[in-house]
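Undergrad: This is the structure I want to talk about, given as structure tokens.
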Amino acid sequence: MAFFTSSIVKILALLLLFSGPHTPTSNARTPLRIQEKENQKVVILISSDGFRFGYQHKTSTPNIHRLIKEGTEARTGLIPIFPTITFPNHYSIVTGLYPPYHGIINNRFPDPITGETFTTSNVNPKWWLGEPIWQTVVDQGYNAAVIFWPGAEVTKGSWTCPKQFCPKYNKSITFVDRVDLALGYLDLPESERPVFFGIYFSDPDSQGRKVGPDHPSITEAVARIDSVIGRLIDGLEKRGIFDDINVIMLGDHGMVVTCDQRVIFLDDLSPWITILSELVKSITPLLAITPPNNVSASEVVSKMNEGLSSNKVENGKYLKMYLKEDLPERLHYADSYRIPPIIGLLGEGFKVELERSKSKKECAGAHGYDNAFFSMRTIFMA
């Protein structure tokens, strides 16, 4: 396959799980290899946050390339959903829905009706719409194990985030320990053994946001991810079940370098319009604005675009404002009351700040941009 979109990963995983004949599990401790051939399949879904497409070629990654060699890959990368941000993408992967329909439109956002703010630690099910794959698996009478995947701790429907299979997020738990935990689940009696696993690794995003995609620490992070994939493969082989397990490895978004020279300052628009900080619900790379009470959203968009296109605003041509309903349809980012009325799309590697400061001209990494940018692509292999 040439490329893949993250919103159909759930469909693929369900096909791998339930496309063949299944019978209810018994209480016997049946060897998994025998059970695999006769009854149910097992899917291990692995996410490596911020694993930009191409990172797999930065250094020797024998274990990742083994998955590719013995399976398939998106040869030109996985196209994430918009916005190319961690929580919206991870929840799209497991629900098969775009953000307006599963509710997680950003990593942080306010509810315009209640005034409450969603953050990444919020597990209230009212925010999380749709049905994640682990809930689907439990509905079918099987167990699912989810290790730190965004949204896993949200209890809804048949999914209770059982302590045994759904540990509370703890970033101090090493990647090796996460893999060992999953392997331990495969040693359980057949009646308890999960058939779906979701495992989340925060690298190389943790490094990429600090130093950008081309720093040596990215290469080191990629090597560490490859090492834990190797540990997983070794554990499956020692149990004699590697050939029976469907392993899917992917990322949630890419990464691009961004520097302080590539900034649009909203206060530079003051000759045309004043953008109050309290009206900015998200600033960069996804600019989202609510208009003041006495001004229409269309008027705000018009005045901002007038200033941005005037050649009098530094880097102004790299930001374009839209009413959300006028965004390119391919972005699928309009049909939710949670999305602010005004959205700004930035040029690749540019960022927005409210006002000028004396910050140093340093570079780092960012994501969240238009998913049409190749730099936002990530990996997919199965």
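To be explicit about the labels: the chains of the structure tokens are called A, B, and onward in the order shown, and within each one the residues are counted from 1, while ligands get numbers from 1 in the order they are shown.
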Taking the backbone alone, and naming residues the way the document does, which bits of segment 60-305 of chain A are helix (DSSP H, G or I) by DSSP, as a PDB file with N, CA and C atoms, in the first residue's frame?
TA:
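Result written to out-v9.pdb:
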ATOM      1  N   PRO A  62      16.406  -2.927  12.919  1.00  0.00           N
ATOM      2  CA  PRO A  62      16.165  -4.284  12.411  1.00  0.00           C
ATOM      3  C   PRO A  62      14.823  -4.869  12.818  1.00  0.00           C
ATOM      4  N   ASN A  63      14.345  -4.507  13.987  1.00  0.00           N
ATOM      5  CA  ASN A  63      13.092  -5.092  14.460  1.00  0.00           C
ATOM      6  C   ASN A  63      11.883  -4.474  13.766  1.00  0.00           C
ATOM      7  N   ILE A  64      11.919  -3.158  13.598  1.00  0.00           N
ATOM      8  CA  ILE A  64      10.856  -2.502  12.842  1.00  0.00           C
ATOM      9  C   ILE A  64      10.848  -3.018  11.408  1.00  0.00           C
ATOM     10  N   HIS A  65      12.017  -3.166  10.828  1.00  0.00           N
ATOM     11  CA  HIS A  65      12.073  -3.648   9.444  1.00  0.00           C
ATOM     12  C   HIS A  65      11.688  -5.122   9.327  1.00  0.00           C
ATOM     13  N   ARG A  66      11.830  -5.854  10.401  1.00  0.00           N
ATOM     14  CA  ARG A  66      11.337  -7.234  10.365  1.00  0.00           C
ATOM     15  C   ARG A  66       9.817  -7.254  10.274  1.00  0.00           C
ATOM     16  N   LEU A  67       9.167  -6.363  11.030  1.00  0.00           N
ATOM     17  CA  LEU A  67       7.706  -6.280  10.930  1.00  0.00           C
ATOM     18  C   LEU A  67       7.291  -5.949   9.498  1.00  0.00           C
ATOM     19  N   ILE A  68       8.032  -5.034   8.874  1.00  0.00           N
ATOM     20  CA  ILE A  68       7.713  -4.656   7.496  1.00  0.00           C
ATOM     21  C   ILE A  68       7.945  -5.830   6.553  1.00  0.00           C
ATOM     22  N   LYS A  69       9.094  -6.490   6.697  1.00  0.00           N
ATOM     23  CA  LYS A  69       9.458  -7.586   5.798  1.00  0.00           C
ATOM     24  C   LYS A  69       8.464  -8.733   5.878  1.00  0.00           C
ATOM     25  N   GLU A  70       7.994  -9.023   7.083  1.00  0.00           N
ATOM     26  CA  GLU A  70       7.099 -10.160   7.266  1.00  0.00           C
ATOM     27  C   GLU A  70       5.629  -9.757   7.176  1.00  0.00           C
ATOM     28  N   THR A  86      -1.776  14.697  19.214  1.00  0.00           N
ATOM     29  CA  THR A  86      -1.754  13.382  19.844  1.00  0.00           C
ATOM     30  C   THR A  86      -3.126  12.829  20.203  1.00  0.00           C
ATOM     31  N   PHE A  87      -3.888  13.522  21.026  1.00  0.00           N
ATOM     32  CA  PHE A  87      -5.130  12.931  21.524  1.00  0.00           C
ATOM     33  C   PHE A  87      -6.191  12.775  20.431  1.00  0.00           C
ATOM     34  N   PRO A  88      -6.420  13.776  19.584  1.00  0.00           N
ATOM     35  CA  PRO A  88      -7.383  13.555  18.500  1.00  0.00           C
ATOM     36  C   PRO A  88      -7.020  12.367  17.622  1.00  0.00           C
ATOM     37  N   ASN A  89      -5.739  12.200  17.309  1.00  0.00           N
ATOM     38  CA  ASN A  89      -5.337  11.103  16.437  1.00  0.00           C
ATOM     39  C   ASN A  89      -5.427   9.751  17.118  1.00  0.00           C
ATOM     40  N   HIS A  90      -4.985   9.664  18.348  1.00  0.00           N
ATOM     41  CA  HIS A  90      -5.068   8.375  19.035  1.00  0.00           C
ATOM     42  C   HIS A  90      -6.511   7.909  19.194  1.00  0.00           C
ATOM     43  N   TYR A  91      -7.408   8.862  19.433  1.00  0.00           N
ATOM     44  CA  TYR A  91      -8.800   8.443  19.603  1.00  0.00           C
ATOM     45  C   TYR A  91      -9.457   8.148  18.257  1.00  0.00           C
ATOM     46  N   SER A  92      -9.016   8.799  17.200  1.00  0.00           N
ATOM     47  CA  SER A  92      -9.510   8.443  15.866  1.00  0.00           C
ATOM     48  C   SER A  92      -9.061   7.041  15.482  1.00  0.00           C
ATOM     49  N   ILE A  93      -7.825   6.686  15.825  1.00  0.00           N
ATOM     50  CA  ILE A  93      -7.304   5.364  15.491  1.00  0.00           C
ATOM     51  C   ILE A  93      -8.179   4.273  16.089  1.00  0.00           C
ATOM     52  N   VAL A  94      -8.625   4.447  17.330  1.00  0.00           N
ATOM     53  CA  VAL A  94      -9.357   3.364  18.000  1.00  0.00           C
ATOM     54  C   VAL A  94     -10.871   3.465  17.863  1.00  0.00           C
ATOM     55  N   THR A  95     -11.381   4.584  17.351  1.00  0.00           N
ATOM     56  CA  THR A  95     -12.835   4.694  17.134  1.00  0.00           C
ATOM     57  C   THR A  95     -13.210   4.662  15.662  1.00  0.00           C
ATOM     58  N   PRO A  99     -12.365  13.755  14.544  1.00  0.00           N
ATOM     59  CA  PRO A  99     -12.529  14.465  15.813  1.00  0.00           C
ATOM     60  C   PRO A  99     -13.896  15.096  16.062  1.00  0.00           C
ATOM     61  N   PRO A 100     -14.544  15.734  15.065  1.00  0.00           N
ATOM     62  CA  PRO A 100     -15.858  16.306  15.373  1.00  0.00           C
ATOM     63  C   PRO A 100     -16.872  15.275  15.858  1.00  0.00           C
ATOM     64  N   TYR A 101     -16.657  14.021  15.507  1.00  0.00           N
ATOM     65  CA  TYR A 101     -17.633  12.983  15.833  1.00  0.00           C
ATOM     66  C   TYR A 101     -17.241  12.170  17.064  1.00  0.00           C
ATOM     67  N   HIS A 102     -15.948  12.127  17.392  1.00  0.00           N
ATOM     68  CA  HIS A 102     -15.581  11.462  18.651  1.00  0.00           C
ATOM     69  C   HIS A 102     -15.344  12.460  19.778  1.00  0.00           C
ATOM     70  N   ILE A 133     -12.115   0.631  20.268  1.00  0.00           N
ATOM     71  CA  ILE A 133     -12.033  -0.778  19.917  1.00  0.00           C
ATOM     72  C   ILE A 133     -12.027  -1.687  21.141  1.00  0.00           C
ATOM     73  N   TRP A 134     -11.446  -1.232  22.256  1.00  0.00           N
ATOM     74  CA  TRP A 134     -11.439  -2.098  23.431  1.00  0.00           C
ATOM     75  C   TRP A 134     -12.854  -2.334  23.961  1.00  0.00           C
ATOM     76  N   GLN A 135     -13.721  -1.353  23.815  1.00  0.00           N
ATOM     77  CA  GLN A 135     -15.117  -1.549  24.199  1.00  0.00           C
ATOM     78  C   GLN A 135     -15.792  -2.540  23.257  1.00  0.00           C
ATOM     79  N   THR A 136     -15.502  -2.440  21.965  1.00  0.00           N
ATOM     80  CA  THR A 136     -16.055  -3.376  20.991  1.00  0.00           C
ATOM     81  C   THR A 136     -15.625  -4.801  21.312  1.00  0.00           C
ATOM     82  N   VAL A 137     -14.358  -4.981  21.665  1.00  0.00           N
ATOM     83  CA  VAL A 137     -13.835  -6.309  21.989  1.00  0.00           C
ATOM     84  C   VAL A 137     -14.557  -6.889  23.198  1.00  0.00           C
ATOM     85  N   VAL A 138     -14.721  -6.086  24.243  1.00  0.00           N
ATOM     86  CA  VAL A 138     -15.407  -6.553  25.448  1.00  0.00           C
ATOM     87  C   VAL A 138     -16.863  -6.884  25.139  1.00  0.00           C
ATOM     88  N   ASP A 139     -17.497  -6.088  24.282  1.00  0.00           N
ATOM     89  CA  ASP A 139     -18.877  -6.370  23.886  1.00  0.00           C
ATOM     90  C   ASP A 139     -19.006  -7.738  23.225  1.00  0.00           C
ATOM     91  N   PHE A 175       9.341   1.728  28.892  1.00  0.00           N
ATOM     92  CA  PHE A 175       8.812   1.052  27.709  1.00  0.00           C
ATOM     93  C   PHE A 175       9.028  -0.453  27.813  1.00  0.00           C
ATOM     94  N   VAL A 176      10.171  -0.857  28.358  1.00  0.00           N
ATOM     95  CA  VAL A 176      10.452  -2.283  28.544  1.00  0.00           C
ATOM     96  C   VAL A 176       9.420  -2.908  29.469  1.00  0.00           C
ATOM     97  N   ASP A 177       9.102  -2.221  30.564  1.00  0.00           N
ATOM     98  CA  ASP A 177       8.113  -2.751  31.507  1.00  0.00           C
ATOM     99  C   ASP A 177       6.731  -2.844  30.867  1.00  0.00           C
ATOM    100  N   ARG A 178       6.415  -1.930  29.972  1.00  0.00           N
ATOM    101  CA  ARG A 178       5.120  -1.981  29.286  1.00  0.00           C
ATOM    102  C   ARG A 178       5.035  -3.217  28.394  1.00  0.00           C
ATOM    103  N   VAL A 179       6.112  -3.491  27.682  1.00  0.00           N
ATOM    104  CA  VAL A 179       6.139  -4.688  26.840  1.00  0.00           C
ATOM    105  C   VAL A 179       6.055  -5.946  27.694  1.00  0.00           C
ATOM    106  N   ASP A 180       6.804  -5.980  28.788  1.00  0.00           N
ATOM    107  CA  ASP A 180       6.778  -7.157  29.658  1.00  0.00           C
ATOM    108  C   ASP A 180       5.401  -7.373  30.263  1.00  0.00           C
ATOM    109  N   LEU A 181       4.708  -6.290  30.578  1.00  0.00           N
ATOM    110  CA  LEU A 181       3.350  -6.403  31.104  1.00  0.00           C
ATOM    111  C   LEU A 181       2.442  -7.060  30.071  1.00  0.00           C
ATOM    112  N   ALA A 182       2.544  -6.619  28.821  1.00  0.00           N
ATOM    113  CA  ALA A 182       1.727  -7.207  27.759  1.00  0.00           C
ATOM    114  C   ALA A 182       2.061  -8.677  27.557  1.00  0.00           C
ATOM    115  N   LEU A 183       3.335  -9.008  27.564  1.00  0.00           N
ATOM    116  CA  LEU A 183       3.726 -10.408  27.395  1.00  0.00           C
ATOM    117  C   LEU A 183       3.200 -11.266  28.538  1.00  0.00           C
ATOM    118  N   GLY A 184       3.196 -10.708  29.736  1.00  0.00           N
ATOM    119  CA  GLY A 184       2.660 -11.449  30.872  1.00  0.00           C
ATOM    120  C   GLY A 184       1.189 -11.776  30.714  1.00  0.00           C
ATOM    121  N   TYR A 185       0.436 -10.872  30.100  1.00  0.00           N
ATOM    122  CA  TYR A 185      -0.982 -11.143  29.858  1.00  0.00           C
ATOM    123  C   TYR A 185      -1.169 -12.364  28.960  1.00  0.00           C
ATOM    124  N   ASP A 205       8.205  11.566  20.246  1.00  0.00           N
ATOM    125  CA  ASP A 205       7.579  12.885  20.364  1.00  0.00           C
ATOM    126  C   ASP A 205       8.188  13.693  21.506  1.00  0.00           C
ATOM    127  N   SER A 206       8.514  13.008  22.606  1.00  0.00           N
ATOM    128  CA  SER A 206       9.071  13.709  23.770  1.00  0.00           C
ATOM    129  C   SER A 206      10.320  14.487  23.403  1.00  0.00           C
ATOM    130  N   GLN A 207      11.128  13.915  22.520  1.00  0.00           N
ATOM    131  CA  GLN A 207      12.343  14.600  22.083  1.00  0.00           C
ATOM    132  C   GLN A 207      12.049  15.578  20.945  1.00  0.00           C
ATOM    133  N   GLY A 208      11.192  15.168  20.013  1.00  0.00           N
ATOM    134  CA  GLY A 208      10.946  15.963  18.820  1.00  0.00           C
ATOM    135  C   GLY A 208      10.423  17.353  19.106  1.00  0.00           C
ATOM    136  N   ARG A 209       9.545  17.473  20.089  1.00  0.00           N
ATOM    137  CA  ARG A 209       8.979  18.786  20.406  1.00  0.00           C
ATOM    138  C   ARG A 209      10.035  19.732  20.971  1.00  0.00           C
ATOM    139  N   LYS A 210      11.083  19.183  21.564  1.00  0.00           N
ATOM    140  CA  LYS A 210      12.130  20.014  22.166  1.00  0.00           C
ATOM    141  C   LYS A 210      13.208  20.412  21.160  1.00  0.00           C
ATOM    142  N   VAL A 211      13.543  19.492  20.259  1.00  0.00           N
ATOM    143  CA  VAL A 211      14.728  19.718  19.424  1.00  0.00           C
ATOM    144  C   VAL A 211      14.459  19.626  17.927  1.00  0.00           C
ATOM    145  N   PRO A 216      20.267  14.625  16.919  1.00  0.00           N
ATOM    146  CA  PRO A 216      20.740  13.272  17.248  1.00  0.00           C
ATOM    147  C   PRO A 216      19.894  12.551  18.289  1.00  0.00           C
ATOM    148  N   SER A 217      19.239  13.282  19.177  1.00  0.00           N
ATOM    149  CA  SER A 217      18.416  12.619  20.197  1.00  0.00           C
ATOM    150  C   SER A 217      17.221  11.906  19.581  1.00  0.00           C
ATOM    151  N   ILE A 218      16.796  12.340  18.397  1.00  0.00           N
ATOM    152  CA  ILE A 218      15.721  11.631  17.699  1.00  0.00           C
ATOM    153  C   ILE A 218      16.213  10.261  17.261  1.00  0.00           C
ATOM    154  N   THR A 219      17.414  10.220  16.717  1.00  0.00           N
ATOM    155  CA  THR A 219      17.997   8.944  16.301  1.00  0.00           C
ATOM    156  C   THR A 219      18.093   7.993  17.484  1.00  0.00           C
ATOM    157  N   GLU A 220      18.495   8.510  18.636  1.00  0.00           N
ATOM    158  CA  GLU A 220      18.596   7.687  19.838  1.00  0.00           C
ATOM    159  C   GLU A 220      17.225   7.180  20.271  1.00  0.00           C
ATOM    160  N   ALA A 221      16.218   8.040  20.192  1.00  0.00           N
ATOM    161  CA  ALA A 221      14.867   7.637  20.582  1.00  0.00           C
ATOM    162  C   ALA A 221      14.325   6.563  19.648  1.00  0.00           C
ATOM    163  N   VAL A 222      14.579   6.712  18.360  1.00  0.00           N
ATOM    164  CA  VAL A 222      14.130   5.709  17.388  1.00  0.00           C
ATOM    165  C   VAL A 222      14.796   4.367  17.673  1.00  0.00           C
ATOM    166  N   ALA A 223      16.077   4.390  18.008  1.00  0.00           N
ATOM    167  CA  ALA A 223      16.783   3.150  18.337  1.00  0.00           C
ATOM    168  C   ALA A 223      16.181   2.492  19.572  1.00  0.00           C
ATOM    169  N   ARG A 224      15.770   3.298  20.560  1.00  0.00           N
ATOM    170  CA  ARG A 224      15.145   2.736  21.765  1.00  0.00           C
ATOM    171  C   ARG A 224      13.803   2.094  21.429  1.00  0.00           C
ATOM    172  N   ILE A 225      13.027   2.753  20.569  1.00  0.00           N
ATOM    173  CA  ILE A 225      11.747   2.173  20.172  1.00  0.00           C
ATOM    174  C   ILE A 225      11.979   0.852  19.450  1.00  0.00           C
ATOM    175  N   ASP A 226      12.958   0.824  18.552  1.00  0.00           N
ATOM    176  CA  ASP A 226      13.249  -0.424  17.846  1.00  0.00           C
ATOM    177  C   ASP A 226      13.648  -1.522  18.825  1.00  0.00           C
ATOM    178  N   SER A 227      14.379  -1.151  19.859  1.00  0.00           N
ATOM    179  CA  SER A 227      14.811  -2.130  20.852  1.00  0.00           C
ATOM    180  C   SER A 227      13.628  -2.752  21.589  1.00  0.00           C
ATOM    181  N   VAL A 228      12.639  -1.937  21.966  1.00  0.00           N
ATOM    182  CA  VAL A 228      11.492  -2.509  22.685  1.00  0.00           C
ATOM    183  C   VAL A 228      10.613  -3.328  21.739  1.00  0.00           C
ATOM    184  N   ILE A 229      10.584  -2.967  20.458  1.00  0.00           N
ATOM    185  CA  ILE A 229       9.883  -3.819  19.497  1.00  0.00           C
ATOM    186  C   ILE A 229      10.592  -5.168  19.413  1.00  0.00           C
ATOM    187  N   GLY A 230      11.916  -5.139  19.448  1.00  0.00           N
ATOM    188  CA  GLY A 230      12.676  -6.382  19.468  1.00  0.00           C
ATOM    189  C   GLY A 230      12.379  -7.214  20.700  1.00  0.00           C
ATOM    190  N   ARG A 231      12.216  -6.553  21.831  1.00  0.00           N
ATOM    191  CA  ARG A 231      11.886  -7.290  23.053  1.00  0.00           C
ATOM    192  C   ARG A 231      10.514  -7.955  22.925  1.00  0.00           C
ATOM    193  N   LEU A 232       9.569  -7.250  22.323  1.00  0.00           N
ATOM    194  CA  LEU A 232       8.249  -7.837  22.107  1.00  0.00           C
ATOM    195  C   LEU A 232       8.347  -9.051  21.188  1.00  0.00           C
ATOM    196  N   ILE A 233       9.061  -8.906  20.078  1.00  0.00           N
ATOM    197  CA  ILE A 233       9.205 -10.023  19.141  1.00  0.00           C
ATOM    198  C   ILE A 233       9.866 -11.215  19.828  1.00  0.00           C
ATOM    199  N   ASP A 234      10.931 -10.963  20.588  1.00  0.00           N
ATOM    200  CA  ASP A 234      11.615 -12.051  21.294  1.00  0.00           C
ATOM    201  C   ASP A 234      10.673 -12.759  22.254  1.00  0.00           C
ATOM    202  N   GLY A 235       9.870 -11.973  22.978  1.00  0.00           N
ATOM    203  CA  GLY A 235       8.936 -12.574  23.924  1.00  0.00           C
ATOM    204  C   GLY A 235       7.888 -13.428  23.244  1.00  0.00           C
ATOM    205  N   LEU A 236       7.412 -12.975  22.096  1.00  0.00           N
ATOM    206  CA  LEU A 236       6.430 -13.761  21.344  1.00  0.00           C
ATOM    207  C   LEU A 236       7.064 -15.029  20.789  1.00  0.00           C
ATOM    208  N   GLU A 237       8.298 -14.915  20.326  1.00  0.00           N
ATOM    209  CA  GLU A 237       8.979 -16.096  19.774  1.00  0.00           C
ATOM    210  C   GLU A 237       9.276 -17.122  20.862  1.00  0.00           C
ATOM    211  N   LYS A 238       9.675 -16.669  22.042  1.00  0.00           N
ATOM    212  CA  LYS A 238       9.945 -17.600  23.138  1.00  0.00           C
ATOM    213  C   LYS A 238       8.692 -18.367  23.533  1.00  0.00           C
ATOM    214  N   PHE A 242       4.783 -16.012  17.787  1.00  0.00           N
ATOM    215  CA  PHE A 242       4.997 -14.817  16.964  1.00  0.00           C
ATOM    216  C   PHE A 242       4.214 -14.884  15.657  1.00  0.00           C
ATOM    217  N   ASP A 243       4.194 -16.046  15.025  1.00  0.00           N
ATOM    218  CA  ASP A 243       3.501 -16.173  13.742  1.00  0.00           C
ATOM    219  C   ASP A 243       1.985 -16.111  13.881  1.00  0.00           C
ATOM    220  N   ASP A 244       1.488 -16.231  15.101  1.00  0.00           N
ATOM    221  CA  ASP A 244       0.041 -16.238  15.322  1.00  0.00           C
ATOM    222  C   ASP A 244      -0.516 -14.876  15.724  1.00  0.00           C
ATOM    223  N   LEU A 266       0.009  38.140  16.487  1.00  0.00           N
ATOM    224  CA  LEU A 266      -1.356  38.633  16.323  1.00  0.00           C
ATOM    225  C   LEU A 266      -1.471  40.121  16.615  1.00  0.00           C
ATOM    226  N   ASP A 267      -0.601  40.653  17.463  1.00  0.00           N
ATOM    227  CA  ASP A 267      -0.709  42.093  17.731  1.00  0.00           C
ATOM    228  C   ASP A 267      -0.252  42.935  16.534  1.00  0.00           C
ATOM    229  N   ASP A 268       0.408  42.321  15.558  1.00  0.00           N
ATOM    230  CA  ASP A 268       0.738  43.045  14.328  1.00  0.00           C
ATOM    231  C   ASP A 268      -0.511  43.357  13.506  1.00  0.00           C
ATOM    232  N   LEU A 269      -1.613  42.687  13.845  1.00  0.00           N
ATOM    233  CA  LEU A 269      -2.876  42.925  13.135  1.00  0.00           C
ATOM    234  C   LEU A 269      -3.671  44.075  13.735  1.00  0.00           C
ATOM    235  N   SER A 277      -6.735  38.029  24.068  1.00  0.00           N
ATOM    236  CA  SER A 277      -6.191  36.720  24.432  1.00  0.00           C
ATOM    237  C   SER A 277      -7.273  35.749  24.887  1.00  0.00           C
ATOM    238  N   GLU A 278      -8.305  36.267  25.564  1.00  0.00           N
ATOM    239  CA  GLU A 278      -9.351  35.373  26.072  1.00  0.00           C
ATOM    240  C   GLU A 278     -10.210  34.776  24.961  1.00  0.00           C
ATOM    241  N   LEU A 279     -10.102  35.323  23.762  1.00  0.00           N
ATOM    242  CA  LEU A 279     -10.865  34.789  22.631  1.00  0.00           C
ATOM    243  C   LEU A 279     -10.086  33.730  21.862  1.00  0.00           C
ATOM    244  N   ALA A 297     -18.300  36.310  13.285  1.00  0.00           N
ATOM    245  CA  ALA A 297     -17.121  35.511  12.956  1.00  0.00           C
ATOM    246  C   ALA A 297     -16.608  35.844  11.562  1.00  0.00           C
ATOM    247  N   SER A 298     -17.512  36.055  10.630  1.00  0.00           N
ATOM    248  CA  SER A 298     -17.097  36.360   9.257  1.00  0.00           C
ATOM    249  C   SER A 298     -16.354  37.692   9.185  1.00  0.00           C
ATOM    250  N   GLU A 299     -16.753  38.658  10.017  1.00  0.00           N
ATOM    251  CA  GLU A 299     -16.058  39.946  10.030  1.00  0.00           C
ATOM    252  C   GLU A 299     -14.647  39.793  10.586  1.00  0.00           C
ATOM    253  N   VAL A 300     -14.499  38.975  11.626  1.00  0.00           N
ATOM    254  CA  VAL A 300     -13.168  38.728  12.187  1.00  0.00           C
ATOM    255  C   VAL A 300     -12.267  38.081  11.141  1.00  0.00           C
ATOM    256  N   VAL A 301     -12.794  37.072  10.449  1.00  0.00           N
ATOM    257  CA  VAL A 301     -12.017  36.389   9.409  1.00  0.00           C
ATOM    258  C   VAL A 301     -11.604  37.371   8.320  1.00  0.00           C
ATOM    259  N   SER A 302     -12.546  38.208   7.886  1.00  0.00           N
ATOM    260  CA  SER A 302     -12.272  39.162   6.810  1.00  0.00           C
ATOM    261  C   SER A 302     -11.182  40.153   7.202  1.00  0.00           C
ATOM    262  N   LYS A 303     -11.280  40.713   8.407  1.00  0.00           N
ATOM    263  CA  LYS A 303     -10.298  41.712   8.839  1.00  0.00           C
ATOM    264  C   LYS A 303      -8.925  41.086   9.072  1.00  0.00           C
ATOM    265  N   MET A 304      -8.912  39.891   9.627  1.00  0.00           N
ATOM    266  CA  MET A 304      -7.626  39.230   9.848  1.00  0.00           C
ATOM    267  C   MET A 304      -6.952  38.912   8.517  1.00  0.00           C
ATOM    268  N   ASN A 305      -7.704  38.368   7.574  1.00  0.00           N
ATOM    269  CA  ASN A 305      -7.117  38.040   6.272  1.00  0.00           C
ATOM    270  C   ASN A 305      -6.675  39.288   5.507  1.00  0.00           C
TER     271      ASN A 305
END
Undergrad: With a distance cut-off of 12 Å and only C-alpha atoms, select the neighbouring residues of Lys324 of chain A, excluding the residue or stretch itself and same-chain residues fewer than 4 positions from it, and output the selection as a PyMOL selection string.
TA: chain A and resi 100+287-290+297-298+301+320+328-329+331-345
Undergrad: Applying 8 Å and only C-alpha atoms, which residues near segment 79-84 of chain A remain after dropping the ones on its own chain fewer than 2 positions away? List them as number ranges by chain.
TA: A: 3-7, 77, 86, 88-89, 92, 98-99, 105-106, 252-254, 286, 331-333, 367-372, 376-378
Undergrad: Hey, what's within 7 Å of segment 190-204 of chain A if we count only C-alpha atoms and toss same-chain stuff fewer than 4 positions away? As JSON, numbers by chain, please?
TA: {"A": [25, 26, 27, 28, 29, 30, 41, 42, 43, 44, 45, 46, 47, 48, 49, 50, 51, 142, 143, 144, 145, 146, 147, 148, 149, 175, 185, 186, 208, 218, 221, 222]}
Undergrad: Leaving out segment 153-156 of chain A and any residue of its chain fewer than 3 positions from it, which residues lie within 10 Å of it when counting only C-alpha atoms, given as number ranges by chain?
TA: A: 121-132, 135, 146-150, 159-163, 166-169
Undergrad: Just the strand (DSSP E or B) stuff from segment 173-325 of chain A, please, per backbone DSSP, written as a VMD selection string.
TA: chain A and resid 194 to 201 245 to 250 256 to 259 263 to 265 280 to 282 287 to 289 319 to 323
Undergrad: Would you mind telling me which residue in A:Ser172, A:Asn107, A:Thr114, A:Thr61 lies nearest to Thr284 of chain A when using only C-alpha atoms?
TA: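 With only C-alpha atoms as the atom set, the closest residue is A:Asn107.
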Undergrad: Return the single residue from A:Thr174, A:Ser158, A:Asn311, A:Asn293 that is closest to Gln140 of chain A, with distances computed using only C-alpha atoms.
TA: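 Of A:Thr174, A:Ser158, A:Asn311, A:Asn293, the one nearest Gln140 of chain A, counting only C-alpha atoms, is A:Ser158.
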Undergrad: Using only C-alpha atoms for the distances, tell me which of A:Pro189, A:Gly96, A:Gly54, A:Gly151 is nearest to Leu12 of chain A.
TA: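 Among A:Pro189, A:Gly96, A:Gly54, A:Gly151, it is A:Gly96 that comes nearest to Leu12 of chain A.
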